[in-house]
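Shown below: query21.tsv, with TSV, C-alpha atoms and all ligand atoms.
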chain	number	residue	atom	x	y	z
A	2	MET	CA	25.56	22.35	-4.15
A	3	ILE	CA	26.03	26.10	-3.96
A	4	GLU	CA	28.77	27.81	-5.93
A	5	LEU	CA	29.96	31.40	-5.56
A	6	LYS	CA	31.96	33.03	-8.33
A	7	ASP	CA	33.80	36.26	-7.58
A	8	VAL	CA	31.03	37.75	-5.43
A	9	LYS	CA	31.48	41.44	-4.55
A	10	LYS	CA	29.40	43.72	-2.35
A	11	SER	CA	29.98	47.32	-1.27
A	12	PHE	CA	28.02	49.63	0.99
A	13	ASP	CA	28.20	53.37	0.25
A	14	GLY	CA	31.22	52.77	-1.96
A	15	LYS	CA	33.04	50.80	0.75
A	16	PRO	CA	33.94	47.27	-0.39
A	17	ILE	CA	32.79	44.70	2.17
A	18	ILE	CA	32.94	41.47	0.13
A	19	LYS	CA	35.89	41.66	-2.21
A	20	GLY	CA	35.54	38.89	-4.76
A	21	VAL	CA	34.74	35.62	-2.99
A	22	SER	CA	34.55	32.27	-4.81
A	23	MET	CA	33.77	28.93	-3.19
A	24	VAL	CA	31.89	25.66	-3.64
A	25	MET	CA	29.65	24.25	-0.91
A	26	GLU	CA	28.74	20.63	-1.48
A	27	ALA	CA	25.61	18.68	-0.57
A	28	GLY	CA	25.78	16.41	2.46
A	29	LYS	CA	28.53	18.50	4.01
A	30	CYS	CA	28.72	21.05	6.80
A	31	ASN	CA	30.31	24.13	5.23
A	32	LEU	CA	31.57	26.45	7.96
A	33	ILE	CA	32.26	30.14	7.53
A	34	ILE	CA	34.59	31.44	10.22
A	35	GLY	CA	36.37	34.76	10.73
A	36	ALA	CA	36.69	37.69	13.10
A	37	SER	CA	33.87	40.10	13.81
A	38	GLY	CA	33.37	42.39	10.82
A	39	SER	CA	35.15	40.10	8.33
A	40	GLY	CA	31.99	39.85	6.21
A	41	LYS	CA	30.50	36.48	7.14
A	42	THR	CA	26.95	37.76	7.60
A	43	VAL	CA	26.98	40.02	4.54
A	44	LEU	CA	28.26	37.14	2.41
A	45	THR	CA	25.61	34.78	3.78
A	46	LYS	CA	22.87	37.35	3.20
A	47	CYS	CA	24.07	37.62	-0.42
A	48	ILE	CA	23.84	33.83	-0.78
A	49	VAL	CA	20.27	33.59	0.55
A	50	GLY	CA	19.12	36.57	-1.49
A	51	LEU	CA	18.68	39.12	1.31
A	52	PHE	CA	21.39	41.33	-0.24
A	53	LYS	CA	22.03	41.72	-3.96
A	54	PRO	CA	25.74	41.43	-4.77
A	55	ASP	CA	27.22	44.13	-7.02
A	56	GLU	CA	29.13	41.56	-9.06
A	57	GLY	CA	29.60	37.83	-9.35
A	58	GLU	CA	27.44	34.73	-9.56
A	59	ILE	CA	25.62	32.68	-6.94
A	60	LEU	CA	24.64	29.29	-8.29
A	61	PHE	CA	22.26	26.87	-6.59
A	62	GLU	CA	22.67	23.60	-8.55
A	63	ASN	CA	23.95	25.69	-11.49
A	64	GLN	CA	20.98	28.11	-11.35
A	65	ASN	CA	22.12	31.69	-10.87
A	66	ILE	CA	19.88	33.06	-8.11
A	67	LEU	CA	20.50	36.58	-9.38
A	68	GLN	CA	18.97	35.79	-12.77
A	69	LEU	CA	15.85	33.97	-11.57
A	70	GLU	CA	12.37	35.33	-12.16
A	71	LYS	CA	10.43	36.34	-9.04
A	72	LYS	CA	8.39	33.10	-9.01
A	73	GLU	CA	11.46	30.87	-9.38
A	74	ARG	CA	13.29	32.83	-6.72
A	75	LYS	CA	10.35	32.34	-4.35
A	76	GLU	CA	10.44	28.60	-5.05
A	77	LEU	CA	14.17	28.49	-4.36
A	78	ARG	CA	13.72	30.43	-1.10
A	79	GLN	CA	11.35	27.70	0.09
A	80	GLN	CA	14.16	25.22	-0.32
A	81	ILE	CA	16.31	27.19	2.11
A	82	GLY	CA	15.92	26.46	5.82
A	83	MET	CA	17.27	29.03	8.25
A	84	LEU	CA	18.31	28.67	11.87
A	85	PHE	CA	18.71	32.18	13.24
A	86	GLN	CA	20.94	33.37	16.05
A	87	GLY	CA	19.03	33.13	19.33
A	88	SER	CA	16.58	30.73	17.59
A	89	ALA	CA	14.10	33.59	16.79
A	90	LEU	CA	11.01	31.67	17.87
A	91	PHE	CA	7.64	33.40	18.14
A	92	ASP	CA	7.21	33.87	21.90
A	93	SER	CA	3.41	33.73	21.89
A	94	MET	CA	3.26	30.51	19.86
A	95	THR	CA	3.68	27.00	21.18
A	96	VAL	CA	6.52	24.75	20.00
A	97	GLU	CA	4.09	23.02	17.65
A	98	GLN	CA	2.77	26.29	16.22
A	99	ASN	CA	6.32	27.59	15.69
A	100	VAL	CA	7.34	24.49	13.74
A	101	MET	CA	4.06	24.46	11.80
A	102	PHE	CA	4.43	28.09	10.74
A	103	PRO	CA	6.34	27.44	7.46
A	104	LEU	CA	3.80	24.72	6.58
A	105	ASP	CA	0.93	27.18	7.20
A	106	MET	CA	2.68	29.71	4.98
A	107	PHE	CA	3.92	27.58	2.12
A	108	SER	CA	2.16	24.20	1.96
A	109	ASN	CA	-1.29	22.96	1.01
A	110	MET	CA	-1.25	20.18	3.58
A	111	SER	CA	-4.34	19.35	5.63
A	112	ILE	CA	-4.16	20.04	9.37
A	113	ASN	CA	-3.65	16.33	10.09
A	114	GLU	CA	-0.81	16.10	7.55
A	115	LYS	CA	0.79	19.18	9.06
A	116	LYS	CA	0.52	17.77	12.59
A	117	LYS	CA	2.12	14.53	11.45
A	118	ARG	CA	4.97	16.36	9.73
A	119	VAL	CA	5.53	18.55	12.82
A	120	ASN	CA	5.61	15.49	15.09
A	121	ASP	CA	8.01	13.73	12.72
A	122	VAL	CA	10.52	16.61	12.68
A	123	LEU	CA	10.21	17.18	16.42
A	124	ALA	CA	10.95	13.49	16.95
A	125	ARG	CA	13.92	13.82	14.56
A	126	VAL	CA	15.44	16.56	16.73
A	127	ASN	CA	14.71	14.47	19.84
A	128	LEU	CA	12.05	16.78	21.15
A	129	LYS	CA	8.94	14.90	22.12
A	130	ASP	CA	6.25	15.89	24.62
A	131	SER	CA	6.97	19.62	24.26
A	132	ASN	CA	4.41	20.43	21.55
A	133	LYS	CA	2.19	22.54	23.77
A	134	LYS	CA	4.97	24.41	25.58
A	135	LEU	CA	5.83	28.05	24.96
A	136	PRO	CA	9.44	29.05	24.14
A	137	ALA	CA	9.74	30.65	27.61
A	138	GLU	CA	9.10	27.23	29.17
A	139	ILE	CA	11.97	25.39	27.46
A	140	SER	CA	15.79	25.55	27.73
A	141	GLY	CA	18.16	27.25	25.26
A	142	GLY	CA	19.22	23.90	23.81
A	143	MET	CA	15.58	22.89	23.34
A	144	LYS	CA	14.88	26.23	21.62
A	145	LYS	CA	17.69	25.48	19.16
A	146	ARG	CA	16.11	22.09	18.49
A	147	VAL	CA	12.77	23.77	17.81
A	148	GLY	CA	14.62	26.24	15.51
A	149	ILE	CA	16.20	23.32	13.66
A	150	ALA	CA	12.86	21.50	13.41
A	151	ARG	CA	11.26	24.64	11.96
A	152	ALA	CA	14.17	25.07	9.54
A	153	ILE	CA	13.82	21.55	8.15
A	154	VAL	CA	10.03	21.15	8.24
A	155	LEU	CA	9.67	22.00	4.52
A	156	ASN	CA	12.35	19.43	3.73
A	157	PRO	CA	14.82	22.03	2.38
A	158	LYS	CA	17.81	21.30	0.18
A	159	TYR	CA	19.84	24.01	1.88
A	160	LEU	CA	20.26	24.82	5.56
A	161	PHE	CA	21.80	28.04	6.89
A	162	CYS	CA	22.70	28.27	10.58
A	163	ASP	CA	23.86	31.54	12.10
A	164	GLU	CA	25.97	30.80	15.18
A	165	PRO	CA	23.95	27.75	16.25
A	166	ASN	CA	25.95	27.42	19.48
A	167	SER	CA	25.67	30.95	20.80
A	168	GLY	CA	24.50	30.99	24.40
A	169	LEU	CA	24.76	27.22	24.87
A	170	ASP	CA	26.94	25.30	27.33
A	171	PRO	CA	29.72	23.18	25.75
A	172	GLN	CA	27.89	19.88	26.16
A	173	THR	CA	24.65	21.15	24.63
A	174	SER	CA	26.69	22.79	21.84
A	175	LEU	CA	28.16	19.43	20.96
A	176	LEU	CA	24.71	17.84	20.82
A	177	ILE	CA	23.42	20.59	18.52
A	178	ASP	CA	26.50	20.23	16.28
A	179	LYS	CA	25.99	16.49	16.14
A	180	LEU	CA	22.34	16.97	15.20
A	181	ILE	CA	23.20	19.46	12.43
A	182	LYS	CA	25.80	17.06	11.02
A	183	GLU	CA	23.46	14.06	11.20
A	184	ILE	CA	20.56	15.76	9.42
A	185	THR	CA	22.93	17.23	6.83
A	186	GLU	CA	24.16	13.75	5.94
A	187	GLU	CA	20.78	12.06	6.28
A	188	TYR	CA	18.92	14.51	4.00
A	189	GLN	CA	22.00	15.33	1.86
A	190	MET	CA	21.44	19.03	2.50
A	191	THR	CA	23.99	21.68	1.65
A	192	THR	CA	24.52	23.16	5.10
A	193	VAL	CA	26.23	26.48	5.75
A	194	VAL	CA	27.14	27.36	9.33
A	195	ILE	CA	28.50	30.70	10.50
A	196	THR	CA	30.39	30.02	13.70
A	197	HIS	CA	32.87	31.34	16.21
A	198	ASP	CA	32.93	28.04	18.04
A	199	MET	CA	36.24	26.18	17.77
A	200	ASN	CA	34.68	22.92	18.94
A	201	SER	CA	32.31	23.11	15.97
A	202	VAL	CA	35.22	23.75	13.63
A	203	MET	CA	36.90	20.57	14.84
A	204	GLU	CA	33.76	18.44	15.18
A	205	ILE	CA	31.73	19.23	12.06
A	206	GLY	CA	34.08	21.19	9.78
A	207	ASP	CA	33.82	19.13	6.59
A	208	HIS	CA	34.66	22.30	4.67
A	209	ILE	CA	35.83	25.47	6.38
A	210	VAL	CA	36.18	28.91	4.83
A	211	TYR	CA	38.13	31.50	6.79
A	212	MET	CA	37.07	35.05	5.95
A	213	TYR	CA	39.46	37.90	6.56
A	214	ASN	CA	38.67	41.50	5.66
A	215	GLY	CA	36.02	40.61	3.08
A	216	GLN	CA	38.08	37.92	1.38
A	217	LYS	CA	38.41	34.16	1.57
A	218	ARG	CA	41.83	33.80	3.12
A	219	TRP	CA	41.94	30.05	3.67
A	220	GLU	CA	39.80	26.98	3.04
A	221	GLY	CA	40.11	23.33	3.93
A	222	ASN	CA	38.71	20.74	6.32
A	223	ASN	CA	39.07	20.12	10.06
A	224	GLN	CA	42.14	17.93	9.53
A	225	GLU	CA	43.90	20.41	7.27
A	226	ILE	CA	43.26	23.33	9.60
A	227	ILE	CA	45.49	21.72	12.24
A	228	HIS	CA	48.40	21.84	9.79
A	229	SER	CA	47.69	25.26	8.30
A	230	LYS	CA	50.66	27.58	8.18
A	231	ASP	CA	48.52	30.70	7.68
A	232	GLU	CA	49.58	32.97	10.49
A	233	MET	CA	46.34	34.99	10.67
A	234	LEU	CA	44.25	31.82	10.72
A	235	ASN	CA	46.40	30.26	13.41
A	236	LYS	CA	46.16	33.36	15.56
A	237	PHE	CA	42.41	33.43	15.09
A	238	ILE	CA	41.60	29.81	15.60
A	239	PHE	CA	44.20	28.69	18.11
A	240	ALA	CA	43.98	31.90	20.09
A	241	SER	CA	44.80	30.56	23.56
A	242	GLN	CA	47.93	28.74	24.73
A	243	PHE	CA	45.71	25.76	25.52
A	244	LEU	CA	44.48	25.55	21.92
A	245	GLN	CA	48.06	26.02	20.63
A	246	ASP	CA	49.09	23.03	22.76
A	247	VAL	CA	46.18	20.96	21.41
A	248	LYS	CA	47.20	21.88	17.86
A	249	GLU	CA	50.79	20.79	18.48
A	250	MET	CA	49.65	17.54	20.07
A	251	ARG	CA	47.37	16.76	17.12
A	252	MET	CA	50.16	17.57	14.65
A	253	GLU	CA	52.50	15.22	16.49
A	254	GLU	CA	49.83	12.48	16.51
A	255	ASP	CA	49.30	12.90	12.76
A	256	LYS	CA	53.09	12.74	12.21
A	257	GLN	CA	53.28	9.48	14.15
A	258	LYS	CA	50.32	8.02	12.22
A	259	ALA	CA	51.99	8.91	8.92
A	260	LYS	CA	55.17	6.99	9.85
B	301	LIG	N1	23.51	47.00	5.79
B	301	LIG	C1	24.77	47.43	5.93
B	301	LIG	N2	25.13	48.68	5.55
B	301	LIG	C2	26.39	49.12	5.65
B	301	LIG	N3	27.41	48.37	6.16
B	301	LIG	C3	27.13	47.12	6.56
B	301	LIG	C4	25.80	46.59	6.47
B	301	LIG	N4	25.83	45.31	6.96
B	301	LIG	C5	27.10	45.08	7.34
B	301	LIG	N5	27.88	46.16	7.10
B	301	LIG	C6	29.32	46.25	7.37
B	301	LIG	O1	29.95	45.14	6.75
B	301	LIG	C7	31.08	44.71	7.53
B	301	LIG	C8	30.99	43.21	7.71
B	301	LIG	O2	29.89	42.93	8.57
B	301	LIG	P1	29.35	41.46	8.86
B	301	LIG	O3	28.13	41.61	9.69
B	301	LIG	O4	29.24	40.70	7.61
B	301	LIG	O5	30.53	40.87	9.75
B	301	LIG	P2	30.60	39.45	10.47
B	301	LIG	O6	31.86	38.81	10.00
B	301	LIG	O7	29.35	38.69	10.24
B	301	LIG	O8	30.75	39.88	11.98
B	301	LIG	P3	30.14	39.22	13.34
B	301	LIG	O9	30.96	38.00	13.60
B	301	LIG	O10	30.37	40.28	14.35
B	301	LIG	O11	28.69	38.93	13.10
B	301	LIG	C9	31.04	45.51	8.83
B	301	LIG	O12	32.00	46.54	8.74
B	301	LIG	C10	29.65	46.08	8.86
B	301	LIG	O13	29.61	47.32	9.51
Entire entry expressed as structure tokens:
Amino acid sequence: MIELKDVKKSFDGKPIIKGVSMVMEAGKCNLIIGASGSGKTVLTKCIVGLFKPDEGEILFENQNILQLEKKERKELRQQIGMLFQGSALFDSMTVEQNVMFPLDMFSNMSINEKKKRVNDVLARVNLKDSNKKLPAEISGGMKKRVGIARAIVLNPKYLFCDEPNSGLDPQTSLLIDKLIKEITEEYQMTTVVITHDMNSVMEIGDHIVYMYNGQKRWEGNNQEIIHSKDEMLNKFIFASQFLQDVKEMRMEEDKQKAK
């Protein structure tokens, strides 16, 4: 579980994160949504320790990351898996070498143990027989799978995914979402996903935080969001007429079910 208490961050005197509190539970996909510039990335960088907040607390299982000694902070960082936008694989390394990289850096495993672990996680993300390929030789969806495998190879407690669906077709996006949800539940990880993808919101949004102008404006799950009366959120999430129609249909269905 990760808990934020009144986190604030300014740049050059300009407030960017204006007192955000939230709880992100283990085994759940916690989505951060919001328009460009609303502060999603800055907030996430504060959580993973890449930015130091000016005020507030960031608690990983009740441990305030801001008060940890260097050694403890390093240990905590190793429990955080990251899936970067665009996958961020090393182009000159094979799939296997990319996934093994965190093990080379942070584990004392023998080469055979490392190979076994790499094969296990690659199998978990349904990517077999690609060990010796270079990133340029695989599709965007496969690259995301390699990125996920690399993010979970150290068996982290926390998983951060920055726009995991960017650049993917809708069908592949759904498969990646499904995979993120499955591994979150299977390993009881606290997963945080920054996304603009409305399918993801509906499919994997166990807990959704809507950021607006550096503040948490709304939070709830993918059922509650359908019924939200927040005008800004509705404009943001159900932007097209098509999505408005879907929202109304779902609301009507829920009304019928409740009868
Ligand atoms: N290192 C920095 N120094 C100064 N200002 C910054 C810095 N990083 C981000 N900002 C500013 O903080 C604001 C929020 O940016 P942020 O990247 O968090 O938005 P976002 O919601 O993630 O947007 P997007 O969806 O486009 O990625 C922006 O106005 C941005 O210019």
note - atom CA of Leu155 of chain A and atom CA of Lys116 of chain A are separated by 12.9 Å
Write as a VMD selection string the residues around ligand LIG 301 (chain B), taking 7 Å as the cut-off and counting only C-alpha atoms and all ligand atoms. chain A and resid 12 17 35 to 44
Nearest-residue call for Phe91 of chain A, choices A:Lys115, A:Leu5, A:Ala137, A:Asn109, using all atoms listed in the file: A:Ala137
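The shell of residues at most 12 Å from Glu76 of chain A, with all atoms listed in the file counted and near chain neighbours (fewer than 2 positions) removed, consists of Ile66, Leu69, Glu70, Lys71, Lys72, Glu73, Arg74, Arg78, Gln79, Gln80, Ile81, Phe107, Ser108, Leu155, Pro157 and Lys158 of chain A.
Distances to Glu62 of chain A were evaluated for A:Ile238, A:Ala27, A:Met2, A:Ile205 using only C-alpha atoms, and the minimum falls at A:Met2.
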Just want the 10 Å neighbourhood of Asp170 of chain A, counted on only C-alpha atoms, with same-chain residues fewer than 5 positions away dropped. Output as a ChimeraX atom specification. /A:141-142,175
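Residues surrounding Met199 of chain A within 9 Å are Met203, Glu204, Ile238 and Phe239 of chain A [all atoms listed in the file; sequence separation below 4 positions excluded].
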Atom pair atom CA of Ser22 of chain A / atom CA of Phe61 of chain A: separation (Å): 13.5 Å
Best match for closeness to Ile149 of chain A among A:Gly82, A:Pro171, A:Gly215, A:Pro136, counting all atoms listed in the file: A:Gly82
Which residues come within 10 Å of Lys217 of chain A, counting all atoms listed in the file, excluding same-chain residues fewer than 3 positions away, as a list of chain:residue names? A:Ile18, A:Lys19, A:Gly20, A:Val21, A:Ser22, A:Met23, A:Ile33, A:Ile34, A:Gly35, A:Ser39, A:Gly40, A:Lys41, A:Val210, A:Tyr211, A:Met212, A:Tyr213, A:Asn214, A:Glu220
Between atom CA of Lys117 of chain A and atom CA of Gln98 of chain A lies a distance of 12.7 Å
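Comparing A:Leu90, A:Cys30, A:Ile112, A:Val24 by their smallest distance to Thr185 of chain A, the closest is A:Cys30 (using all atoms listed in the file).
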From (34.8, 21.5, 3.5), in the file's coordinates, out to 6 Å: which residues are reached, counting all atoms listed in the file? Answer as a VMD selection string. chain A and resid 31 207 to 209 221 to 222
Residue neighbourhood segment 180-184 of chain A, 10 Å, all atoms listed in the file, exclusion window fewer than 3 positions, as a ChimeraX atom specification: /A:28-30,125-127,146,149,153,160,162,165,174-177,187-190,192,194,204-207
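Remark: for Gln86 of chain A, the closest of the candidate residues A:Lys53, A:Lys46, A:Lys145, A:Lys258 is A:Lys145 (distances computed over all atoms listed in the file).
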Considering all atoms listed in the file, can you say which of A:Asn156, A:Lys144, A:Lys179, A:Lys6 comes closest to Asn99 of chain A? A:Lys144
Can segment 132-155 of chain A be brought up to N, CA and C atoms and written out as a PDB file, in the frame of the given file?
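Dumped everything to rebuild_38.pdb:
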ATOM      1  N   ASN A 132       5.219  19.742  22.582  1.00  0.00           N
ATOM      2  CA  ASN A 132       4.410  20.430  21.550  1.00  0.00           C
ATOM      3  C   ASN A 132       3.636  21.634  22.076  1.00  0.00           C
ATOM      4  N   LYS A 133       3.089  21.497  23.276  1.00  0.00           N
ATOM      5  CA  LYS A 133       2.190  22.540  23.770  1.00  0.00           C
ATOM      6  C   LYS A 133       2.906  23.588  24.619  1.00  0.00           C
ATOM      7  N   LYS A 134       4.240  23.438  24.745  1.00  0.00           N
ATOM      8  CA  LYS A 134       4.970  24.410  25.580  1.00  0.00           C
ATOM      9  C   LYS A 134       5.268  25.691  24.811  1.00  0.00           C
ATOM     10  N   LEU A 135       5.429  26.776  25.561  1.00  0.00           N
ATOM     11  CA  LEU A 135       5.830  28.050  24.960  1.00  0.00           C
ATOM     12  C   LEU A 135       7.352  28.144  25.014  1.00  0.00           C
ATOM     13  N   PRO A 136       7.977  28.928  24.124  1.00  0.00           N
ATOM     14  CA  PRO A 136       9.440  29.050  24.140  1.00  0.00           C
ATOM     15  C   PRO A 136       9.988  29.411  25.528  1.00  0.00           C
ATOM     16  N   ALA A 137       9.254  30.239  26.281  1.00  0.00           N
ATOM     17  CA  ALA A 137       9.740  30.650  27.610  1.00  0.00           C
ATOM     18  C   ALA A 137       9.827  29.471  28.578  1.00  0.00           C
ATOM     19  N   GLU A 138       9.143  28.379  28.251  1.00  0.00           N
ATOM     20  CA  GLU A 138       9.100  27.230  29.170  1.00  0.00           C
ATOM     21  C   GLU A 138      10.150  26.155  28.837  1.00  0.00           C
ATOM     22  N   ILE A 139      10.977  26.412  27.829  1.00  0.00           N
ATOM     23  CA  ILE A 139      11.970  25.390  27.460  1.00  0.00           C
ATOM     24  C   ILE A 139      13.395  25.979  27.518  1.00  0.00           C
ATOM     25  N   SER A 140      14.400  25.092  27.586  1.00  0.00           N
ATOM     26  CA  SER A 140      15.790  25.550  27.730  1.00  0.00           C
ATOM     27  C   SER A 140      16.345  26.081  26.392  1.00  0.00           C
ATOM     28  N   GLY A 141      17.524  26.721  26.468  1.00  0.00           N
ATOM     29  CA  GLY A 141      18.160  27.250  25.260  1.00  0.00           C
ATOM     30  C   GLY A 141      18.457  26.167  24.234  1.00  0.00           C
ATOM     31  N   GLY A 142      18.919  25.008  24.721  1.00  0.00           N
ATOM     32  CA  GLY A 142      19.220  23.900  23.810  1.00  0.00           C
ATOM     33  C   GLY A 142      17.951  23.386  23.132  1.00  0.00           C
ATOM     34  N   MET A 143      16.862  23.345  23.911  1.00  0.00           N
ATOM     35  CA  MET A 143      15.580  22.890  23.340  1.00  0.00           C
ATOM     36  C   MET A 143      15.090  23.904  22.305  1.00  0.00           C
ATOM     37  N   LYS A 144      15.295  25.194  22.593  1.00  0.00           N
ATOM     38  CA  LYS A 144      14.880  26.230  21.620  1.00  0.00           C
ATOM     39  C   LYS A 144      15.617  26.038  20.303  1.00  0.00           C
ATOM     40  N   LYS A 145      16.919  25.724  20.395  1.00  0.00           N
ATOM     41  CA  LYS A 145      17.690  25.480  19.160  1.00  0.00           C
ATOM     42  C   LYS A 145      17.103  24.301  18.399  1.00  0.00           C
ATOM     43  N   ARG A 146      16.709  23.265  19.153  1.00  0.00           N
ATOM     44  CA  ARG A 146      16.110  22.090  18.490  1.00  0.00           C
ATOM     45  C   ARG A 146      14.821  22.467  17.783  1.00  0.00           C
ATOM     46  N   VAL A 147      14.013  23.319  18.451  1.00  0.00           N
ATOM     47  CA  VAL A 147      12.770  23.770  17.810  1.00  0.00           C
ATOM     48  C   VAL A 147      13.131  24.572  16.544  1.00  0.00           C
ATOM     49  N   GLY A 148      14.166  25.432  16.667  1.00  0.00           N
ATOM     50  CA  GLY A 148      14.620  26.240  15.510  1.00  0.00           C
ATOM     51  C   GLY A 148      15.052  25.343  14.358  1.00  0.00           C
ATOM     52  N   ILE A 149      15.751  24.247  14.700  1.00  0.00           N
ATOM     53  CA  ILE A 149      16.200  23.320  13.660  1.00  0.00           C
ATOM     54  C   ILE A 149      14.989  22.609  13.040  1.00  0.00           C
ATOM     55  N   ALA A 150      14.070  22.177  13.911  1.00  0.00           N
ATOM     56  CA  ALA A 150      12.860  21.500  13.410  1.00  0.00           C
ATOM     57  C   ALA A 150      12.111  22.426  12.449  1.00  0.00           C
ATOM     58  N   ARG A 151      11.971  23.687  12.836  1.00  0.00           N
ATOM     59  CA  ARG A 151      11.260  24.640  11.960  1.00  0.00           C
ATOM     60  C   ARG A 151      12.019  24.839  10.644  1.00  0.00           C
ATOM     61  N   ALA A 152      13.369  24.854  10.747  1.00  0.00           N
ATOM     62  CA  ALA A 152      14.170  25.070   9.540  1.00  0.00           C
ATOM     63  C   ALA A 152      14.073  23.912   8.549  1.00  0.00           C
ATOM     64  N   ILE A 153      13.826  22.699   9.077  1.00  0.00           N
ATOM     65  CA  ILE A 153      13.820  21.550   8.150  1.00  0.00           C
ATOM     66  C   ILE A 153      12.404  21.029   7.835  1.00  0.00           C
ATOM     67  N   VAL A 154      11.379  21.710   8.380  1.00  0.00           N
ATOM     68  CA  VAL A 154      10.030  21.150   8.240  1.00  0.00           C
ATOM     69  C   VAL A 154       9.552  21.103   6.775  1.00  0.00           C
ATOM     70  N   LEU A 155      10.061  22.015   5.944  1.00  0.00           N
ATOM     71  CA  LEU A 155       9.670  22.000   4.520  1.00  0.00           C
ATOM     72  C   LEU A 155      10.600  21.124   3.692  1.00  0.00           C
TER      73      LEU A 155
END
